[in-house]
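For reference, the structure discussed in these notes is given below.
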Amino acid sequence: MADPVIQVSGLTKRFGATTAVDGLSFAVQRGEILGLLGPNGAGKTTTLQLLLGLTTPTAGEARVFGLDVQRHRYAILQRVNFSSAYISLPTNLTAWENLHVFARLYGLRRPRPKVLALAETFGIADLLERVTGALSSGQLTRLNLCKAFLNDPEVLFLDEPTASLDPDIADTVRQALRAQQRQRGVTIVYTSHNMREVEVLCDRVLFLARGRAVTEGSPRDVMERARQASLEDVFIRIARDGRLTDARDVEA
Amino acid sequence: MGSRILGLLLRYGYLYRRSLARSMELFFWPVMDLLVWGFLSTYLQRVAAPRAVSYLVGALILWDILYRCQQAITLAVTEDIWVKNILNVFIAPVRPAELLIATSIVGVVKAAAPGVLLTVLALALYDFDLLALGASLAPFLASLLLFGWAVGMFTAALILRFGQAAEALVWGVPFLIQPFSAVFYPVDILPAWARPVALALPSTHVFEGMRAAIAGEGVRGTTLLAAFGLNAAYLAAGALFFAWMLQRVREKGYLGKLGME
């Protein structure tokens, strides 16, 4: 098997007496979509922040492209991108201006063709002259995704990208993401509370609770092992018990 | 590096191009200050102080340069927190030095634009010609720009650390420095305990030098040397403080929370 694109070993982050991420280890292969799941406070966002170098680990290490995130942060950031429902592009700039600015920040010398191509792909070509603050949630999400693809990322971190979208728009966004992932072979680390979406989109899921890995595998494997009918039921069990006693655990 | 700095400059440039109110704000407060202080000094000159207009109006124009420079750096960070864009900037491969260089360039533009207008208005309304200071004006301006950048780095670092809770610092810090900078009065007016504080600020040497130049005493080399020496120390300290604070907020996990509060 090829070297993983992301390799996390014993990653730990403590904030005072609180342990947000507790000895987490996992790997993500090139082109894989990994769903990072768990209840609020499970450590998903902190894990993403550790992978982006926004936060420094207390112990352990995270490597992306074989490079240590803390020591080679800027080289890694050039090759990855991030989108979240909870952050925004400046609302007082037009969509075009925002994409132009970020294209420059990612070092694109001639941003125009790239911006236009991405706007076409995500169906916002006719919105480029609109002020970002005047866009709807669905349009904003697609604009954020355009920004996230500006540097042709090899790894994309998505933090609940479809939160607050109606089912129709969320489905459009999922399809666009899937299409981009197939065309470009992008590795995606995805957090979401929408378990139906995760079942459809993710090749593999990793459930966290209290900063620790609880279970991982393909959505189907995880459901079978947990003897649950849906990923949502698995989620609820983990959220309520903080662990999952699956068949394999019992045998062990 | 050039592309990323250009990207940041575009980001700030677009803001001003898109907002007439924002562009007007750049000029509104300095012009209002100039009108109030200008007319007051005209009055003072008439009743008692022969050089009141030159001292006060000159000081006002130069003070605005320091203020605008500090604001450019601090507001760049603060505004990105307001609009929840700060994480987008920090997960782009933008190095802190590039952010500081871009915002410092914006500071020069934000200081120069109203500075030109104030100089013209001062000449038209109060017959005060700042440019009559000649070549000696250049080191004063440069020194104030440098100090404005240094103070901007300190305040931006505190904004990163404390987030929106520290917003008052954006506007407050310059006015914390102002009384000790001897902007509108000579250092010897200050009480004895405050004089060492004043002399530790580069701005004090600039305003003392400006008054000496207006009085026809020329510009003392020691004054400029003190200003630039102090500026070098403050700039180095400001950059180190910014880098240290950025490292601290990454350790504490505050960076990830900025703009998501």
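The way I read the labels, and the way they are meant: chains A, B, ... in the order of the structure tokens, residue 1 as the first residue of every chain, and ligand 1 as the first ligand shown, with later ones counted on from there.
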Contact residues (chain B, partner chain A, 12 Å, only C-alpha atoms) as a ChimeraX atom specification: /B:1-20,22,76,79-96,98-99,102,246-261
Contact residues around range 110-118 of chain B with only C-alpha atoms at 12 Å, ignoring same-chain residues under 5 positions, as a PyMOL selection string: chain B and resi 12-13+16+22-35+38+57-73+75+103-105+123-126+128-131+141-142+144-146+148-149
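Taking only C-alpha atoms into account, Phe184 in chain B lies nearest to B:Glu208 out of the set B:Glu217, B:Glu208, B:Asp127, B:Glu167.
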Arg178 in chain A environment, 8 Å, only C-alpha atoms, sequence neighbours closer than 4 positions dropped, as a count of residues only: 3
Close residues, Val183 in chain B itself excluded, 8 Å, only C-alpha atoms, min 3 positions apart in chain, as a PyMOL selection string: chain B and resi 59-60+63+178-180+186+203-204+207
Using the selection just defined, write its residues with N, CA and C atoms as a PDB file, in the first residue's frame.
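Output file part_24.pdb follows:
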```
ATOM      1  N   ALA B  59       1.628  69.511  14.473  1.00  0.00           N
ATOM      2  CA  ALA B  59       1.571  68.322  15.326  1.00  0.00           C
ATOM      3  C   ALA B  59       0.383  67.433  14.960  1.00  0.00           C
ATOM      4  N   LEU B  60      -0.736  68.094  14.684  1.00  0.00           N
ATOM      5  CA  LEU B  60      -1.948  67.346  14.350  1.00  0.00           C
ATOM      6  C   LEU B  60      -1.751  66.519  13.074  1.00  0.00           C
ATOM      7  N   TRP B  63       0.734  63.686  13.823  1.00  0.00           N
ATOM      8  CA  TRP B  63       0.150  62.665  14.703  1.00  0.00           C
ATOM      9  C   TRP B  63      -0.753  61.718  13.914  1.00  0.00           C
ATOM     10  N   GLN B 178      -0.260  59.065  23.256  1.00  0.00           N
ATOM     11  CA  GLN B 178      -0.297  60.489  22.890  1.00  0.00           C
ATOM     12  C   GLN B 178       0.119  61.459  24.006  1.00  0.00           C
ATOM     13  N   PRO B 179      -0.391  61.310  25.237  1.00  0.00           N
ATOM     14  CA  PRO B 179      -0.022  62.290  26.273  1.00  0.00           C
ATOM     15  C   PRO B 179       1.479  62.315  26.563  1.00  0.00           C
ATOM     16  N   PHE B 180       2.145  61.152  26.391  1.00  0.00           N
ATOM     17  CA  PHE B 180       3.573  61.063  26.695  1.00  0.00           C
ATOM     18  C   PHE B 180       4.453  61.411  25.486  1.00  0.00           C
ATOM     19  N   PRO B 186       5.735  70.866  24.690  1.00  0.00           N
ATOM     20  CA  PRO B 186       7.098  70.346  24.854  1.00  0.00           C
ATOM     21  C   PRO B 186       7.210  69.369  26.031  1.00  0.00           C
ATOM     22  N   SER B 203       8.240  58.958  19.046  1.00  0.00           N
ATOM     23  CA  SER B 203       7.344  60.045  18.635  1.00  0.00           C
ATOM     24  C   SER B 203       7.682  61.348  19.372  1.00  0.00           C
ATOM     25  N   THR B 204       8.084  61.246  20.631  1.00  0.00           N
ATOM     26  CA  THR B 204       8.441  62.444  21.396  1.00  0.00           C
ATOM     27  C   THR B 204       9.575  63.201  20.701  1.00  0.00           C
ATOM     28  N   PHE B 207       8.266  65.045  17.587  1.00  0.00           N
ATOM     29  CA  PHE B 207       7.512  66.274  17.825  1.00  0.00           C
ATOM     30  C   PHE B 207       8.403  67.374  18.424  1.00  0.00           C
TER      31      PHE B 207
END
```
